[in-house]
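A short worksheet on the structure shown next.
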There are 2 protein chains.
Amino acid sequence: MVYGLARRELRPRVPLRPGEGDKHRLTSLEGLAALSLDALSSVAYGPEAIVLALVVAGTGALTATLPITLAITFLLAALVVSYGQVIAVHPDGGGAYAVAKADLGATASLLAAASLVVDYVLTVAVSLAAGADALASAFPALAGDKLLVCLVGLALLAAVNLRGVTESARVLMLPTVLFVVAILGVILLGLLRAHPLAVVGTARPVHATEALTALVVLKAFSSGCSALTGVEAIANAVPTFREPRVRRAQRTELMLGALLGTMLIGLAVLIHRDRVAPRGGVTVLAQLTAGAYGTGWPYYATNLVVTLVLGLAANTSFGGLPVLMSLLARDHRLPHLFGLRAERPVYRYGVVALALLAALLLLATDADTHRLLPLFAIGVFIGFTLSQLGLVRHWAARRPPGWRRRALINGTGAVLTTLAGVILLFSKFLSGAWVVVLAVPLLMLLFARIQRYYTEVGEELGLGRIPEPPPRRTASLVIVPIGEVSELARHAVGAALALGDEVVAVAVHADPARSRALEEAWARWDPGVRLDIIDSPHRSLVQPVVAYVQRAAADGRQVAVLIPEVEPRHRRYEILQNQRGLLLATVLRARTDVVVCLLPYRLKL
Amino acid sequence: MVYGLARRELRPRVPLRPGEGDKHRLTSLEGLAALSLDALSSVAYGPEAIVLALVVAGTGALTATLPITLAITFLLAALVVSYGQVIAVHPDGGGAYAVAKADLGATASLLAAASLVVDYVLTVAVSLAAGADALASAFPALAGDKLLVCLVGLALLAAVNLRGVTESARVLMLPTVLFVVAILGVILLGLLRAHPLAVVGTARPVHATEALTALVVLKAFSSGCSALTGVEAIANAVPTFREPRVRRAQRTELMLGALLGTMLIGLAVLIHRDRVAPRGGVTVLAQLTAGAYGTGWPYYATNLVVTLVLGLAANTSFGGLPVLMSLLARDHRLPHLFGLRAERPVYRYGVVALALLAALLLLATDADTHRLLPLFAIGVFIGFTLSQLGLVRHWAARRPPGWRRRALINGTGAVLTTLAGVILLFSKFLSGAWVVVLAVPLLMLLFARIQRYYTEVGEELGLGRIPEPPPRRTASLVIVPIGEVSELARHAVGAALALGDEVVAVAVHADPARSRALEEAWARWDPGVRLDIIDSPHRSLVQPVVAYVQRAAADGRQVAVLIPEVEPRHRRYEILQNQRGLLLATVLRARTDVVVCLLPYRLKL
């Protein structure tokens, strides 16, 4: 289920090292198994969303499920045809952000980025919530703890992704195949039986509170559009296909469309025939599963596979958003730290940010799928539309043979997705879409503001200009704060002598007797360096040293303060050491312009 | 209510500067008002605890309230007499930790410290919980949110104490006087009336589940002993009294004993006469208040004064524990960071530790006073006993005139408090005292372990020995990681030239084109320093620099890495800067022994 077009291209599921051959790449069928998980998993909540939107007009209104699903399938067909062209034009893949930046300019790329961020976060939340629903359908005891289930799942995903996963598209094949087999089985067996084999869940009274107006139908249509999320994934992953990759990818996109369409229509026919209304404790998909398989082990197995696939769909965001954030950081539109990879090849700040945002969203909606869905899909349709518009611009600019026909196809796609997006927005505005309407422009403003800041800083730092030559070598003074005469002091004075033209040791003491003792010990040691003792009647250590350093820095020399740090061998002892030195370093960095040097002294302990 | 004898001495309520005269010191009556708040506030929960312990044997058992209170008052009398001697022997005050360290040796002082820590934390929790009870008695709407009330109160106390308070004993006088007047009024008016004026709270059925056995009586006695906490406060604050200070302090201690005893007995008589059983939603003290004053404004005012006094009692721990922790840190028994005071004269780590521990305790017990009380008082009695034992040792060692009589008094006190402590421990073991039995030895072990660590580190650092002279001056190499040619690079190279015999700039680039551009810019700038560019195909910045530094450090020179840091003028921009430099600094400090130098470059932005 992800949305916007960035992910696959950014992090191909099959990482290829130079020299690796075509045999590691995907055939059309393998590609289908590996890349359609996002899109297919949305059948777990899309049809249910239609039913839930219609039932306000009574169970009779459920007959509208099938025509609405057909309309959605038509939109799907248009998207599949359009994406066939995206694949041809961008055989190297291309996320909505990259495409918009290249073809549509700065504002469109900010819009793409903002809607992508929103949708990555929503994908995690919706997939986890729907996964918890599926799990609770199999194990009703969990029904009261869905939020907890989601948060535990989220923590697990975050932990795995902080460690770093060696992703491979092939890992995703088996769950996808199991999922497709299970759902197609539900449809086939369901259609063969005259009546559902078993009924699960507790009946809920259905009160028709509204007539089956056009508004109700539009709401149901836009709810169902959440089933379309994820169809862009294949277009983003063209480089992972075997040659001829464009042809194979286009074929896979077609197969995905056919499969998703079949599943949606098949489930809608069953819903229509059996008048499946929402029941307490189970999902609509679980009701259909029980109707087809009964309540034996296949029921449990199917629900577990659905849960697994939804969990994997949530995980795809962890592959996507941190990479997108690193791209934004490289474009100076997010703090540069989102581009940092430390010890592990993981954008840890992005992973943490995604987990926190998704957790917030789950907490705010109590992990209720049907409170999350109205926020969903809007961002996706923004991405759809931007990609199509980009292509129209592309055709109009290049004018290859047949460009008018192609532009027409993509233009139609853009019009349809815009239309669907507008319907989505207006029919769902009050029930949650306003959040997205607020969040997307705020994010765009934030990105623009950050970019302006970095531009101004770059100006001030003279990036791109050749600066004056560095100043002539100045004399240097190294100040060494010490506590007592010890090996630590010896180590620090030795290093300071190597770095400074002049070295001074400085100590703070509240107690005159201890001051004298230190002075005597220093005289006996006689390291060839002056010791200044500062009185501090208030037992404060940091203030007097800072004041001393400030005075010393006033004479134009390059002043450095060298702080020796005792480094215990075991991390668990770290809290016992160094805190004073780190505190001094922090205050010095905040209050003075001197160089603050940290010198480790490693203990054997 | 605090316990153990450390606090007052460590931080006299009236800070005296040299030259300040006797007129700023306390008279006996002023001392009573200023120093008895801890002890007196425990009448808010002590009598109630007795009632609650007795009522398991039916309302008839409540007649035992009075004799049990008399026994507790007898123990109070013994404590008052013993503390009269403590005052004479330690006119400079002396906490249980200091006294035990001086007179009883290392293990006893660890025991004193551990029980003090436990009791400071419990004081905060119990006082806040009892304060929330008193508040909820006046405003029943708060009854469901007592935990929240406590946590908000705790956050407030922590915030105030992190900012630092200029404490003055005189501030505490008014609340204490109001409290004493209100409670004595309750007793007098209550005794004058034949029947309670008003009954508040919802009746609860009382089922006698046990007979009035000796065990029930012992449990009630030990519950009631929580009313004795805090009587040591005056003995710790002798230096704040006007001359003749020993006499005045002894007189104050006597007055405190008389007042507390009167209040306890008076409340017990009322409970006895009116058969006051626990009722839902209000405290026993609130019932008595309503019985005496009715339910008009005096009822609300009294409950608010009780809440205020309990809040102030909780605050006394924030004056006490951080100071105790700083003493323990100075004795190397806690991490040295607890002895740090940075910008403000506040032991912030101690304040934070106290707040966190108290919050944990409140969460674990759901802020229920009656689940907290069984943990309480045990630590107090350990402190009582250790002080008395210390005095017995003192008399036996010095043998002044009449030492046998004095030793007998303190010995009796020690036996009584030991006895009470043992009763407390056994009768409350299962209902919570086991926590203290676990916590105290674990804390002692922790203190001892930390002390051993610091001793070993001191050995390794050669503390107290004169080290070899520092090594002869070695040559130095300063490595400057740079990103681009800019003012920042100029600033850093300038500082590096002042500090190093040789300076090398180093850059990491993933992209050959950008490498070449940087090389050309460097050549055009020509700062007189070599630039090494490291290739990093994996876009990792930190690893290649660390490897480069490790190679450079192998040749015996003193190597320093100088990391320039862009410092924005506004804190809110900090997240946008420096993260890369700090990350590099962190990894270098963990992996290499080189000097890591941070050089600020302050932006005008």
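Letters for chains follow the order of the structure tokens (A, B, ...), residue numbers begin at 1 for each chain, and ligand numbers begin at 1 in the order shown.
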
I'd like a table as CSV: residues in chain B with an atom no more than 6 Å from chain A, each row giving the shortest atom pair and its distance in Å to one decimal, only C-alpha atoms counted, sorted by chain and rising residue number.
residue,atom,partner,partner_atom,distance
B:Pro335,CA,A:Leu576,CA,4.7
B:Leu337,CA,A:Gln579,CA,5.8
B:Leu461,CA,A:Glu487,CA,5.0
B:Gly462,CA,A:Ser486,CA,5.3
B:Leu463,CA,A:Ser486,CA,5.2
B:Ile466,CA,A:Trp525,CA,5.8
B:Pro469,CA,A:Pro527,CA,5.4
B:Pro470,CA,A:Arg490,CA,5.2
B:Pro471,CA,A:Gly494,CA,5.6
B:Arg473,CA,A:Ala498,CA,5.3
B:Thr474,CA,A:Ala498,CA,5.3
B:Ala475,CA,A:Ala498,CA,6.0
B:Ser476,CA,A:Ala498,CA,5.7
B:Ser486,CA,A:Leu463,CA,5.2
B:Glu487,CA,A:Leu461,CA,5.0
B:Arg490,CA,A:Pro470,CA,5.3
B:Gly494,CA,A:Pro470,CA,5.3
B:Leu497,CA,A:Arg473,CA,5.8
B:Ala498,CA,A:Thr474,CA,5.3
B:Leu499,CA,A:Leu499,CA,5.0
B:Gly500,CA,A:Leu499,CA,5.8
B:Trp525,CA,A:Ile466,CA,5.8
B:Pro527,CA,A:Pro469,CA,5.4
B:Leu576,CA,A:Pro335,CA,4.7
B:Gln579,CA,A:Leu337,CA,5.8
B:Asp593,CA,A:Pro600,CA,5.9
B:Val595,CA,A:Leu599,CA,4.7
B:Val596,CA,A:Leu598,CA,5.2
B:Cys597,CA,A:Cys597,CA,4.0
B:Leu598,CA,A:Val596,CA,5.2
B:Leu599,CA,A:Val595,CA,4.7
B:Pro600,CA,A:Asp593,CA,5.9

Saved selection, atoms kept: N, CA and C atoms, as a short mmCIF file (atom, residue, chain, number, x, y, z; two decimals), in the first residue's frame:
data_model
loop_
_atom_site.label_atom_id
_atom_site.label_comp_id
_atom_site.auth_asym_id
_atom_site.auth_seq_id
_atom_site.Cartn_x
_atom_site.Cartn_y
_atom_site.Cartn_z
N PRO B 335 27.18 7.97 42.12
CA PRO B 335 27.91 8.60 41.01
C PRO B 335 28.18 10.07 41.31
N LEU B 337 28.12 12.54 39.69
CA LEU B 337 27.26 13.55 39.08
C LEU B 337 26.20 14.07 40.05
N LEU B 461 44.36 5.55 38.71
CA LEU B 461 44.77 6.90 38.33
C LEU B 461 45.91 7.41 39.20
N GLY B 462 46.30 6.62 40.20
CA GLY B 462 47.38 7.04 41.05
C GLY B 462 47.05 8.25 41.90
N LEU B 463 45.81 8.35 42.37
CA LEU B 463 45.45 9.46 43.24
C LEU B 463 46.27 9.36 44.52
N ILE B 466 52.59 10.92 43.57
CA ILE B 466 53.14 11.89 42.62
C ILE B 466 53.55 11.12 41.37
N PRO B 469 57.16 12.68 35.71
CA PRO B 469 56.98 13.94 34.99
C PRO B 469 56.27 13.67 33.67
N PRO B 470 55.56 14.67 33.12
CA PRO B 470 54.87 14.44 31.85
C PRO B 470 55.87 14.14 30.75
N PRO B 471 55.43 13.40 29.70
CA PRO B 471 56.35 13.05 28.61
C PRO B 471 56.91 14.32 27.95
N ARG B 473 57.78 16.97 25.10
CA ARG B 473 56.87 17.48 24.10
C ARG B 473 56.97 16.63 22.83
N THR B 474 55.84 16.07 22.37
CA THR B 474 55.83 15.32 21.12
C THR B 474 55.32 16.23 20.00
N ALA B 475 55.58 15.81 18.79
CA ALA B 475 55.06 16.58 17.64
C ALA B 475 53.56 16.34 17.54
N SER B 476 52.84 17.30 16.97
CA SER B 476 51.39 17.16 16.90
C SER B 476 50.89 17.29 15.46
N SER B 486 34.84 27.04 2.50
CA SER B 486 33.89 28.03 3.00
C SER B 486 34.54 28.79 4.15
N GLU B 487 33.79 29.77 4.67
CA GLU B 487 34.29 30.50 5.84
C GLU B 487 34.52 29.55 7.02
N ARG B 490 37.79 27.99 6.63
CA ARG B 490 38.84 28.97 6.90
C ARG B 490 39.04 29.13 8.41
N GLY B 494 42.44 27.95 10.38
CA GLY B 494 43.16 28.95 11.17
C GLY B 494 43.44 28.47 12.58
N LEU B 497 45.99 25.57 12.63
CA LEU B 497 47.37 26.00 12.43
C LEU B 497 47.98 26.49 13.74
N ALA B 498 47.16 27.12 14.60
CA ALA B 498 47.67 27.61 15.87
C ALA B 498 48.02 26.46 16.81
N LEU B 499 47.32 25.32 16.65
CA LEU B 499 47.46 24.23 17.61
C LEU B 499 48.42 23.13 17.16
N GLY B 500 48.57 22.91 15.84
CA GLY B 500 49.31 21.74 15.39
C GLY B 500 50.64 22.08 14.75
N TRP B 525 41.94 28.14 -3.55
CA TRP B 525 42.02 28.83 -2.25
C TRP B 525 43.46 28.81 -1.73
N PRO B 527 45.20 27.27 1.01
CA PRO B 527 45.40 27.75 2.38
C PRO B 527 46.72 27.29 3.00
N LEU B 576 19.06 21.83 13.25
CA LEU B 576 19.41 21.92 11.83
C LEU B 576 20.92 21.87 11.61
N GLN B 579 24.85 18.16 13.65
CA GLN B 579 24.62 16.79 14.05
C GLN B 579 25.73 15.89 13.50
N ASP B 593 41.93 7.10 20.58
CA ASP B 593 42.45 7.80 21.75
C ASP B 593 42.91 9.20 21.40
N VAL B 595 42.80 13.33 20.59
CA VAL B 595 42.11 14.47 21.17
C VAL B 595 41.03 14.91 20.19
N VAL B 596 39.80 15.06 20.68
CA VAL B 596 38.71 15.54 19.82
C VAL B 596 38.41 16.99 20.20
N CYS B 597 38.61 17.90 19.23
CA CYS B 597 38.45 19.33 19.51
C CYS B 597 37.22 19.85 18.79
N LEU B 598 36.40 20.60 19.51
CA LEU B 598 35.20 21.20 18.92
C LEU B 598 35.41 22.71 18.86
N LEU B 599 35.22 23.26 17.66
CA LEU B 599 35.44 24.70 17.48
C LEU B 599 34.13 25.34 17.05
N PRO B 600 33.57 26.22 17.87
CA PRO B 600 32.30 26.83 17.47
C PRO B 600 32.49 27.91 16.41
#

Item to check | Long-range neighbours of B:Gly390 as a list of chain:residue names, 8 Å cut-off, only C-alpha atoms, 4 positions minimum in chain | outcome: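 Skipping anything fewer than 4 positions along the chain leaves B:Val99, B:Ala100, B:Asp103, B:Leu104, B:Leu386, B:His394.
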
Kindly export the residues of the current selection with N, CA and C atoms, as a short mmCIF file (atom, residue, chain, number, x, y, z; two decimals), in the first residue's frame.
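Here's the written file selection_28.cif:
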data_model
loop_
_atom_site.label_atom_id
_atom_site.label_comp_id
_atom_site.auth_asym_id
_atom_site.auth_seq_id
_atom_site.Cartn_x
_atom_site.Cartn_y
_atom_site.Cartn_z
N VAL B 99 25.97 11.03 61.81
CA VAL B 99 26.17 10.48 63.14
C VAL B 99 26.66 9.04 63.04
N ALA B 100 26.01 8.25 62.17
CA ALA B 100 26.38 6.84 62.06
C ALA B 100 27.81 6.70 61.52
N ASP B 103 30.12 7.68 64.57
CA ASP B 103 30.11 6.88 65.79
C ASP B 103 29.97 5.38 65.56
N LEU B 104 29.43 4.95 64.42
CA LEU B 104 29.07 3.54 64.29
C LEU B 104 29.76 2.81 63.14
N LEU B 386 19.46 4.10 64.93
CA LEU B 386 20.88 4.34 64.73
C LEU B 386 21.33 5.59 65.51
N HIS B 394 28.59 6.92 72.12
CA HIS B 394 29.20 8.18 72.52
C HIS B 394 29.40 8.24 74.03
#

Item to check | Atomic distance atom CA of B:Gly350 - atom CA of B:Leu324, expressed in Å with one decimal | outcome: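 Between atom CA of B:Gly350 and atom CA of B:Leu324 the gap is 8.8 Å.
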
Item to check | Filtered DSSP result for stretch 303-399 of chain B, state helix (DSSP H, G or I), as an MDAnalysis selection string | outcome: chainID B and resid 303:330 336:339 348:365 369:375 378:398

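Near B:Leu408, within 10 Å and counting only C-alpha atoms, sit Ser82, Val392, Trp395, Trp403, Arg404, Thr412, Gly413 and Ala414 of chain B, not including residues fewer than 4 positions from it in the same chain.
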
Mind writing the picked residues with N, CA and C atoms as a PDB file, in the first residue's frame?
ATOM      1  N   SER B  82      14.888  11.224  74.396  1.00  0.00           N
ATOM      2  CA  SER B  82      16.148  10.825  73.759  1.00  0.00           C
ATOM      3  C   SER B  82      16.693  11.945  72.878  1.00  0.00           C
ATOM      4  N   VAL B 392      24.566   6.050  72.542  1.00  0.00           N
ATOM      5  CA  VAL B 392      25.009   5.102  73.563  1.00  0.00           C
ATOM      6  C   VAL B 392      26.518   4.879  73.419  1.00  0.00           C
ATOM      7  N   TRP B 395      28.328   7.939  74.781  1.00  0.00           N
ATOM      8  CA  TRP B 395      28.435   7.998  76.244  1.00  0.00           C
ATOM      9  C   TRP B 395      29.436   6.986  76.737  1.00  0.00           C
ATOM     10  N   TRP B 403      27.003   9.576  82.821  1.00  0.00           N
ATOM     11  CA  TRP B 403      26.897   8.943  81.507  1.00  0.00           C
ATOM     12  C   TRP B 403      26.046   7.674  81.524  1.00  0.00           C
ATOM     13  N   ARG B 404      26.072   6.998  82.684  1.00  0.00           N
ATOM     14  CA  ARG B 404      25.277   5.766  82.750  1.00  0.00           C
ATOM     15  C   ARG B 404      23.780   6.069  82.586  1.00  0.00           C
ATOM     16  N   THR B 412      17.296   2.822  76.207  1.00  0.00           N
ATOM     17  CA  THR B 412      15.869   2.527  76.258  1.00  0.00           C
ATOM     18  C   THR B 412      15.194   2.998  74.976  1.00  0.00           C
ATOM     19  N   GLY B 413      15.545   4.202  74.571  1.00  0.00           N
ATOM     20  CA  GLY B 413      14.987   4.716  73.314  1.00  0.00           C
ATOM     21  C   GLY B 413      15.292   3.779  72.166  1.00  0.00           C
ATOM     22  N   ALA B 414      16.544   3.319  72.099  1.00  0.00           N
ATOM     23  CA  ALA B 414      16.938   2.435  71.004  1.00  0.00           C
ATOM     24  C   ALA B 414      16.160   1.132  71.051  1.00  0.00           C
TER      25      ALA B 414
END

Item to check | Nearby residues (only C-alpha atoms) at most 9 Å from B:Ala433, same-chain spacing under 2 positions excluded, as a PyMOL selection string | outcome: chain B and resi 373-376+378+424-431+435-438

Checklist entry - Taking only C-alpha atoms into account, which of A:Ala208, A:Ala130, A:Ala108, A:Val149 comes nearest A:Ala57? => result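 Of A:Ala208, A:Ala130, A:Ala108, A:Val149, the one nearest A:Ala57, counting only C-alpha atoms, is A:Ala208.
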
Next on the checklist: Can you pull out the residues contacting B:Arg204? Cut-off 9 Å, using only C-alpha atoms, and skip same-chain residues under 2 positions away; I want them as a PyMOL selection string.
Outcome noted: chain B and resi 202+206+277-280

Requested write-out: C-alpha atoms of the selected residues, as an mmCIF file, in the first residue's frame:
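In the end it all went to again_7.cif:
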data_model
loop_
_atom_site.group_PDB
_atom_site.id
_atom_site.type_symbol
_atom_site.label_atom_id
_atom_site.label_comp_id
_atom_site.auth_asym_id
_atom_site.auth_seq_id
_atom_site.Cartn_x
_atom_site.Cartn_y
_atom_site.Cartn_z
ATOM 1 C CA THR B 202 -20.737 7.694 51.887
ATOM 2 C CA VAL B 206 -18.204 -2.828 57.807
ATOM 3 C CA ALA B 277 -15.417 4.292 60.851
ATOM 4 C CA PRO B 278 -13.853 4.738 57.398
ATOM 5 C CA ARG B 279 -16.358 6.222 54.950
ATOM 6 C CA GLY B 280 -16.031 6.449 51.173
#

Item to check | DSSP strand (DSSP E or B) selection over stretch 400-602 of chain B, as JSON, numbers by chain | outcome: {"B": [476, 477, 478, 479, 480, 481, 502, 503, 504, 505, 506, 507, 508, 509, 530, 531, 532, 533, 534, 535, 558, 559, 560, 561, 562, 563, 564, 565, 566, 567, 595, 596, 597, 598, 599, 600, 601, 602]}

Item to check | 10 Å contact set for A:Pro140, only C-alpha atoms, chain neighbours under 4 positions out, as a list in words | outcome: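 Residues near the query, excluding close chain neighbours: Asp133, Ala134, Leu135, Ala136, Gly144, Asp145, Gly201, Gly281 and Val282 of chain A.
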
Checklist entry - Which of these residues is nearest to A:Leu363, using only C-alpha atoms: A:Cys150, A:Gly319, A:Pro175, A:Ser115? => result A:Cys150

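Among A:Met325, A:Leu419, A:Ala367, A:Val180, the residue with the shortest atom-to-atom distance to A:Val117, counting only C-alpha atoms, is A:Met325.
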